[in-house]
Amino acid sequence: PTGRPHVGYFVPMCKIADLLEAGCDVTVLFADLHAYLDNMKAPWELLDLRVRYYEAVIKAMLSSIGVPLERLTFVRGTDFQLSREYTLDVYRLASAVTEHDAKKAGSEVVKQVDHPRLAGLLYPGLQALDEEFLHVDAQFGG
């Protein structure tokens with residue numbers, strides 16, 4: 001949950017609408033911890049408020065285009081990302097991924113700065129772990 005929702009959010013909302021209308025169960029992950037780790041785009045103190053705001057906005061956007069919300073669920077990253085199991089998997093991942101590969105993967109998803117923080121190297125791996133911990137078949141996001 002970073003930045004302000006705007007009219008451009010209707011593009012991914014339309015894809016979510018397509019998935020819901022096709023009968024898919026859709027889980028929206030509010031990656032609150034990742035938002036903080038990504039160069040602190042979201043201050044820790046604001047994460048809870050932003051998550052609640054984003055959920056309300058997403059529901060309103062989908063409802064405004066007539067999409068049923070019964071198969072839509074919302075999950076906060078911190079609901080599972082602070083667990084012992086997730087943390088152990090982060091360490092396992094860190095022991096298996098090279099710095100080069102982490103930087104390369106991070107260049108696709110993390111804002112690039114002159115002096116990157118370690119969190120930016122972890123971020124892409126954390127996204128992969130999220131997919132596993134959410135027990136989802138696919139990831140659509142941005």
# chains A, B, ... in the order shown; residues from 1 in each chain; ligands from 1
$ select_by_dssp --residues "stretch 3-45 of chain A" --states "alpha helix (DSSP H)" --output "list in words"
Phe10, Val11, Pro12, Met13, Cys14, Lys15, Ile16, Ala17, Asp18, Leu19, Leu20, Glu21, Asp32, Leu33, His34, Ala35, Tyr36 and Leu37 of chain A
$ write_last_selection --atoms "C-alpha atoms" --output "short mmCIF file (atom, residue, chain, number, x, y, z; two decimals), in the first residue's frame"
data_model
loop_
_atom_site.label_atom_id
_atom_site.label_comp_id
_atom_site.auth_asym_id
_atom_site.auth_seq_id
_atom_site.Cartn_x
_atom_site.Cartn_y
_atom_site.Cartn_z
CA PHE A 10 -9.11 0.61 -12.91
CA VAL A 11 -6.82 -1.28 -15.33
CA PRO A 12 -5.82 -3.97 -12.80
CA MET A 13 -9.32 -3.81 -11.27
CA CYS A 14 -10.75 -4.80 -14.66
CA LYS A 15 -8.42 -7.85 -14.71
CA ILE A 16 -9.48 -8.76 -11.18
CA ALA A 17 -13.10 -8.34 -12.33
CA ASP A 18 -12.42 -10.74 -15.23
CA LEU A 19 -10.99 -13.32 -12.83
CA LEU A 20 -13.90 -12.99 -10.40
CA GLU A 21 -16.46 -13.20 -13.19
CA ASP A 32 2.37 -3.84 4.08
CA LEU A 33 5.71 -5.11 5.33
CA HIS A 34 7.11 -5.07 1.78
CA ALA A 35 5.85 -1.51 1.30
CA TYR A 36 7.92 -0.51 4.29
CA LEU A 37 10.96 -2.46 3.15
#
$ residues_around --residues "A:Tyr9" --least-positions-apart "4" --cutoff "10 Å" --atoms "only C-alpha atoms" --output "PDB file with N, CA, C and O atoms, in the first residue's frame"
ATOM      1  N   ARG A   4      -1.122   7.033  -3.788  1.00  0.00           N
ATOM      2  CA  ARG A   4      -2.564   7.287  -3.769  1.00  0.00           C
ATOM      3  C   ARG A   4      -3.245   6.508  -4.889  1.00  0.00           C
ATOM      4  O   ARG A   4      -2.779   6.543  -6.028  1.00  0.00           O
ATOM      5  N   PRO A   5      -4.358   5.838  -4.595  1.00  0.00           N
ATOM      6  CA  PRO A   5      -5.118   5.208  -5.683  1.00  0.00           C
ATOM      7  C   PRO A   5      -5.602   6.287  -6.654  1.00  0.00           C
ATOM      8  O   PRO A   5      -5.906   7.407  -6.252  1.00  0.00           O
ATOM      9  N   MET A  13      -8.002  -3.438 -11.809  1.00  0.00           N
ATOM     10  CA  MET A  13      -9.320  -3.809 -11.268  1.00  0.00           C
ATOM     11  C   MET A  13     -10.151  -4.538 -12.325  1.00  0.00           C
ATOM     12  O   MET A  13     -10.891  -5.468 -12.012  1.00  0.00           O
ATOM     13  N   CYS A  14     -10.021  -4.124 -13.577  1.00  0.00           N
ATOM     14  CA  CYS A  14     -10.746  -4.804 -14.655  1.00  0.00           C
ATOM     15  C   CYS A  14     -10.254  -6.238 -14.814  1.00  0.00           C
ATOM     16  O   CYS A  14     -11.041  -7.149 -15.078  1.00  0.00           O
ATOM     17  N   VAL A  57     -11.223   1.274  -1.053  1.00  0.00           N
ATOM     18  CA  VAL A  57     -11.167   1.788  -2.421  1.00  0.00           C
ATOM     19  C   VAL A  57     -11.339   0.656  -3.430  1.00  0.00           C
ATOM     20  O   VAL A  57     -12.101   0.780  -4.399  1.00  0.00           O
ATOM     21  N   ILE A  58     -10.649  -0.451  -3.217  1.00  0.00           N
ATOM     22  CA  ILE A  58     -10.755  -1.579  -4.148  1.00  0.00           C
ATOM     23  C   ILE A  58     -12.180  -2.122  -4.188  1.00  0.00           C
ATOM     24  O   ILE A  58     -12.738  -2.373  -5.263  1.00  0.00           O
ATOM     25  N   MET A  61     -14.303   0.380  -6.097  1.00  0.00           N
ATOM     26  CA  MET A  61     -14.034   0.373  -7.540  1.00  0.00           C
ATOM     27  C   MET A  61     -14.685  -0.834  -8.207  1.00  0.00           C
ATOM     28  O   MET A  61     -15.325  -0.709  -9.256  1.00  0.00           O
TER      29      MET A  61
END
$ select_by_dssp --residues "chain A" --states "strand (DSSP E)" --output "PDB file with N, CA and C atoms, in the first residue's frame"
ATOM      1  N   VAL A  26     -10.113 -14.893  -5.711  1.00  0.00           N
ATOM      2  CA  VAL A  26      -9.049 -13.895  -5.831  1.00  0.00           C
ATOM      3  C   VAL A  26      -8.672 -13.413  -4.437  1.00  0.00           C
ATOM      4  N   THR A  27      -7.380 -13.459  -4.166  1.00  0.00           N
ATOM      5  CA  THR A  27      -6.842 -12.945  -2.913  1.00  0.00           C
ATOM      6  C   THR A  27      -6.007 -11.713  -3.222  1.00  0.00           C
ATOM      7  N   VAL A  28      -6.333 -10.630  -2.583  1.00  0.00           N
ATOM      8  CA  VAL A  28      -5.547  -9.405  -2.718  1.00  0.00           C
ATOM      9  C   VAL A  28      -4.638  -9.335  -1.506  1.00  0.00           C
ATOM     10  N   LEU A  29      -3.340  -9.333  -1.779  1.00  0.00           N
ATOM     11  CA  LEU A  29      -2.364  -9.215  -0.706  1.00  0.00           C
ATOM     12  C   LEU A  29      -1.978  -7.760  -0.537  1.00  0.00           C
ATOM     13  N   PHE A  30      -2.196  -7.250   0.646  1.00  0.00           N
ATOM     14  CA  PHE A  30      -1.677  -5.930   0.996  1.00  0.00           C
ATOM     15  C   PHE A  30      -0.314  -6.175   1.617  1.00  0.00           C
ATOM     16  N   LEU A  72     -13.781 -12.681  -3.362  1.00  0.00           N
ATOM     17  CA  LEU A  72     -12.646 -11.794  -3.157  1.00  0.00           C
ATOM     18  C   LEU A  72     -12.276 -11.762  -1.686  1.00  0.00           C
ATOM     19  N   THR A  73     -11.007 -12.007  -1.395  1.00  0.00           N
ATOM     20  CA  THR A  73     -10.529 -11.918  -0.015  1.00  0.00           C
ATOM     21  C   THR A  73      -9.313 -10.994   0.039  1.00  0.00           C
ATOM     22  N   PHE A  74      -9.096 -10.425   1.200  1.00  0.00           N
ATOM     23  CA  PHE A  74      -7.970  -9.531   1.434  1.00  0.00           C
ATOM     24  C   PHE A  74      -7.107 -10.102   2.551  1.00  0.00           C
ATOM     25  N   VAL A  75      -5.808 -10.037   2.364  1.00  0.00           N
ATOM     26  CA  VAL A  75      -4.861 -10.533   3.359  1.00  0.00           C
ATOM     27  C   VAL A  75      -3.771  -9.483   3.541  1.00  0.00           C
ATOM     28  N   ARG A  76      -3.408  -9.243   4.783  1.00  0.00           N
ATOM     29  CA  ARG A  76      -2.273  -8.373   5.085  1.00  0.00           C
ATOM     30  C   ARG A  76      -1.020  -9.229   5.159  1.00  0.00           C
TER      31      ARG A  76
END
$ closest_residue --among "A:Glu85, A:Asp25, A:Glu55, A:Glu45" --to "A:Phe133" --atoms "only C-alpha atoms"
A:Glu85
$ closest_residue --among "A:Ala119, A:Cys24, A:Val51, A:Leu46" --to "A:Val90" --atoms "only C-alpha atoms"
A:Ala119
$ residues_around --residues "A:Thr98" --least-positions-apart "6" --cutoff "12 Å" --atoms "only C-alpha atoms" --output "list in words"
Lys104, Ala105, Leu121, Leu122 and Gly125 of chain A
$ closest_residue --among "A:Leu129, A:Gly23, A:His135, A:Leu69" --to "A:Thr87" --atoms "only C-alpha atoms"
A:Leu129
$ atom_distance --atom1 "atom CA of A:Phe140" --atom2 "atom CA of A:Lys59"
17.3 Å
$ atom_distance --atom1 "atom CA of A:Gln139" --atom2 "atom CA of A:Pro124"
12.8 Å
$ atom_distance --atom1 "atom CA of A:Val67" --atom2 "atom CA of A:Arg50"
22.8 Å
$ decode --residues "stretch 25-52 of chain A" --atoms "N, CA and C atoms" --output "PDB file, in the first residue's frame"
ATOM      1  N   ASP A  25     -11.294 -17.670  -7.345  1.00  0.00           N
ATOM      2  CA  ASP A  25     -11.138 -17.062  -6.031  1.00  0.00           C
ATOM      3  C   ASP A  25      -9.940 -16.128  -6.136  1.00  0.00           C
ATOM      4  N   VAL A  26     -10.113 -14.893  -5.711  1.00  0.00           N
ATOM      5  CA  VAL A  26      -9.049 -13.895  -5.831  1.00  0.00           C
ATOM      6  C   VAL A  26      -8.672 -13.413  -4.437  1.00  0.00           C
ATOM      7  N   THR A  27      -7.380 -13.459  -4.166  1.00  0.00           N
ATOM      8  CA  THR A  27      -6.842 -12.945  -2.913  1.00  0.00           C
ATOM      9  C   THR A  27      -6.007 -11.713  -3.222  1.00  0.00           C
ATOM     10  N   VAL A  28      -6.333 -10.630  -2.583  1.00  0.00           N
ATOM     11  CA  VAL A  28      -5.547  -9.405  -2.718  1.00  0.00           C
ATOM     12  C   VAL A  28      -4.638  -9.335  -1.506  1.00  0.00           C
ATOM     13  N   LEU A  29      -3.340  -9.333  -1.779  1.00  0.00           N
ATOM     14  CA  LEU A  29      -2.364  -9.215  -0.706  1.00  0.00           C
ATOM     15  C   LEU A  29      -1.978  -7.760  -0.537  1.00  0.00           C
ATOM     16  N   PHE A  30      -2.196  -7.250   0.646  1.00  0.00           N
ATOM     17  CA  PHE A  30      -1.677  -5.930   0.996  1.00  0.00           C
ATOM     18  C   PHE A  30      -0.314  -6.175   1.617  1.00  0.00           C
ATOM     19  N   ALA A  31       0.716  -6.013   0.817  1.00  0.00           N
ATOM     20  CA  ALA A  31       2.084  -6.308   1.245  1.00  0.00           C
ATOM     21  C   ALA A  31       2.623  -5.148   2.076  1.00  0.00           C
ATOM     22  N   ASP A  32       2.028  -4.983   3.237  1.00  0.00           N
ATOM     23  CA  ASP A  32       2.365  -3.844   4.084  1.00  0.00           C
ATOM     24  C   ASP A  32       3.818  -3.867   4.536  1.00  0.00           C
ATOM     25  N   LEU A  33       4.306  -5.020   4.925  1.00  0.00           N
ATOM     26  CA  LEU A  33       5.706  -5.110   5.332  1.00  0.00           C
ATOM     27  C   LEU A  33       6.629  -4.813   4.147  1.00  0.00           C
ATOM     28  N   HIS A  34       6.297  -5.333   2.972  1.00  0.00           N
ATOM     29  CA  HIS A  34       7.112  -5.069   1.781  1.00  0.00           C
ATOM     30  C   HIS A  34       7.082  -3.584   1.412  1.00  0.00           C
ATOM     31  N   ALA A  35       5.947  -2.944   1.599  1.00  0.00           N
ATOM     32  CA  ALA A  35       5.853  -1.510   1.297  1.00  0.00           C
ATOM     33  C   ALA A  35       6.820  -0.725   2.171  1.00  0.00           C
ATOM     34  N   TYR A  36       6.959  -1.161   3.395  1.00  0.00           N
ATOM     35  CA  TYR A  36       7.915  -0.506   4.288  1.00  0.00           C
ATOM     36  C   TYR A  36       9.349  -0.814   3.860  1.00  0.00           C
ATOM     37  N   LEU A  37       9.611  -2.054   3.507  1.00  0.00           N
ATOM     38  CA  LEU A  37      10.965  -2.464   3.146  1.00  0.00           C
ATOM     39  C   LEU A  37      11.446  -1.840   1.841  1.00  0.00           C
ATOM     40  N   ASP A  38      10.525  -1.524   0.946  1.00  0.00           N
ATOM     41  CA  ASP A  38      10.896  -0.965  -0.359  1.00  0.00           C
ATOM     42  C   ASP A  38      11.228   0.516  -0.200  1.00  0.00           C
ATOM     43  N   ASN A  39      12.418   0.772   0.331  1.00  0.00           N
ATOM     44  CA  ASN A  39      12.890   2.140   0.578  1.00  0.00           C
ATOM     45  C   ASN A  39      11.913   2.959   1.414  1.00  0.00           C
ATOM     46  N   MET A  40      11.236   2.276   2.315  1.00  0.00           N
ATOM     47  CA  MET A  40      10.305   2.901   3.247  1.00  0.00           C
ATOM     48  C   MET A  40       9.282   3.791   2.530  1.00  0.00           C
ATOM     49  N   LYS A  41       8.721   3.258   1.430  1.00  0.00           N
ATOM     50  CA  LYS A  41       7.711   4.015   0.683  1.00  0.00           C
ATOM     51  C   LYS A  41       6.493   4.322   1.550  1.00  0.00           C
ATOM     52  N   ALA A  42       6.233   3.446   2.505  1.00  0.00           N
ATOM     53  CA  ALA A  42       5.113   3.661   3.413  1.00  0.00           C
ATOM     54  C   ALA A  42       5.651   3.655   4.845  1.00  0.00           C
ATOM     55  N   PRO A  43       5.520   4.749   5.564  1.00  0.00           N
ATOM     56  CA  PRO A  43       5.982   4.768   6.953  1.00  0.00           C
ATOM     57  C   PRO A  43       5.232   3.735   7.800  1.00  0.00           C
ATOM     58  N   TRP A  44       5.932   3.084   8.684  1.00  0.00           N
ATOM     59  CA  TRP A  44       5.362   2.026   9.516  1.00  0.00           C
ATOM     60  C   TRP A  44       4.071   2.481  10.201  1.00  0.00           C
ATOM     61  N   GLU A  45       4.064   3.726  10.670  1.00  0.00           N
ATOM     62  CA  GLU A  45       2.924   4.244  11.419  1.00  0.00           C
ATOM     63  C   GLU A  45       1.656   4.353  10.553  1.00  0.00           C
ATOM     64  N   LEU A  46       1.819   4.466   9.241  1.00  0.00           N
ATOM     65  CA  LEU A  46       0.667   4.642   8.351  1.00  0.00           C
ATOM     66  C   LEU A  46       0.176   3.357   7.702  1.00  0.00           C
ATOM     67  N   LEU A  47       0.898   2.255   7.885  1.00  0.00           N
ATOM     68  CA  LEU A  47       0.554   1.031   7.159  1.00  0.00           C
ATOM     69  C   LEU A  47      -0.869   0.557   7.424  1.00  0.00           C
ATOM     70  N   ASP A  48      -1.281   0.514   8.668  1.00  0.00           N
ATOM     71  CA  ASP A  48      -2.625   0.029   8.992  1.00  0.00           C
ATOM     72  C   ASP A  48      -3.693   0.895   8.335  1.00  0.00           C
ATOM     73  N   LEU A  49      -3.531   2.208   8.415  1.00  0.00           N
ATOM     74  CA  LEU A  49      -4.509   3.110   7.800  1.00  0.00           C
ATOM     75  C   LEU A  49      -4.542   2.945   6.292  1.00  0.00           C
ATOM     76  N   ARG A  50      -3.379   2.797   5.679  1.00  0.00           N
ATOM     77  CA  ARG A  50      -3.334   2.632   4.223  1.00  0.00           C
ATOM     78  C   ARG A  50      -3.987   1.327   3.790  1.00  0.00           C
ATOM     79  N   VAL A  51      -3.752   0.266   4.526  1.00  0.00           N
ATOM     80  CA  VAL A  51      -4.365  -1.021   4.187  1.00  0.00           C
ATOM     81  C   VAL A  51      -5.890  -0.906   4.244  1.00  0.00           C
ATOM     82  N   ARG A  52      -6.407  -0.316   5.297  1.00  0.00           N
ATOM     83  CA  ARG A  52      -7.871  -0.164   5.407  1.00  0.00           C
ATOM     84  C   ARG A  52      -8.416   0.714   4.293  1.00  0.00           C
TER      85      ARG A  52
END
